[in-house]
Amino acid sequence: MPDSVVDGRKAPEFEALWTQRTDSPDEGPVCVTESADGSVAGFASGGRLRVDLPGYDGELVTLYVLAECQRRGLGTEMFRFIFAAMKAAGYRKLVTQVLASTPAGTFYRRLGGTAIEQRDIDYRGAGVTVTYFAWPLC
């Protein structure tokens, strides 16, 4: 992703987004994990599918683990939490979108995800390619 897109992300914008997500039970499940010192090491969230993918209804919206906390199982634990919460909420098929230029696809394949589609999209003025991974929940 171009540096201009990453640099354009402002903390107040994301604080407002996460306040909305955590204050509204209708938004879907949220999971936050801590490092040994009590600071945030990662977060994940799920909810209604936000893109047009016929036959799919749920989305793993975010899953992020700080680089220094990766490869310790935190991402897998958070994924499993969101997966179970989405299943319990009645969703039938879960999808997540991944930047095709990152190694995250390997992570999702290890978790049983199947690549179902690739699209070129506009993200904050930058053209990026994303891959959609899917899992059945029932």
# chains A, B, ... in the order shown; residues from 1 in each chain; ligands from 1
>>> select_by_dssp(residues="stretch 26-116 of chain A", states="strand (DSSP E)", output="PyMOL selection string")
chain A and resi 30-34+40-48+58-65+93-99+114-116
>>> residues_around(residues="A:Arg80", least_positions_apart="6", cutoff="12 Å", atoms="only C-alpha atoms", output="VMD selection string")
chain A and resid 29 to 31 44 to 46 60 63 73 to 74 86 to 87 94 108 111 to 112 135 137
>>> atom_distance(atom1="atom CA of A:Leu53", atom2="atom CA of A:Lys93")
10.6 Å
>>> closest_residue(among="A:Arg109, A:Ala89, A:Thr96, A:Arg50", to="A:Thr62", atoms="only C-alpha atoms")
A:Thr96
>>> residues_around(residues="A:Gln70", least_positions_apart="2", cutoff="12 Å", atoms="only C-alpha atoms", output="MDAnalysis selection string")
chainID A and resid 33 35 41:42 63:68 72:77 104 107
>>> write_last_selection(atoms="C-alpha atoms", output="compact mmCIF listing (two decimals), in the first residue's frame")
# COMPACT_ATOMS: atom_id res chain seq x y z
CA THR A 33 -5.35 -9.24 23.26
CA SER A 35 1.14 -8.49 25.63
CA ALA A 41 -0.80 -6.64 21.24
CA GLY A 42 -3.60 -7.18 18.74
CA LEU A 63 -7.33 -8.97 12.57
CA TYR A 64 -4.05 -7.32 13.48
CA VAL A 65 -1.16 -8.36 15.71
CA LEU A 66 1.84 -6.12 16.38
CA ALA A 67 4.93 -7.38 14.55
CA GLU A 68 6.83 -7.99 17.78
CA ARG A 72 2.95 -16.65 19.26
CA GLY A 73 -0.55 -17.88 18.44
CA LEU A 74 -2.36 -14.63 19.25
CA GLY A 75 -3.76 -14.18 15.73
CA THR A 76 -4.98 -17.78 15.66
CA GLU A 77 -6.68 -17.38 19.06
CA ALA A 104 -1.32 -12.73 5.30
CA PHE A 107 -1.91 -17.28 7.60
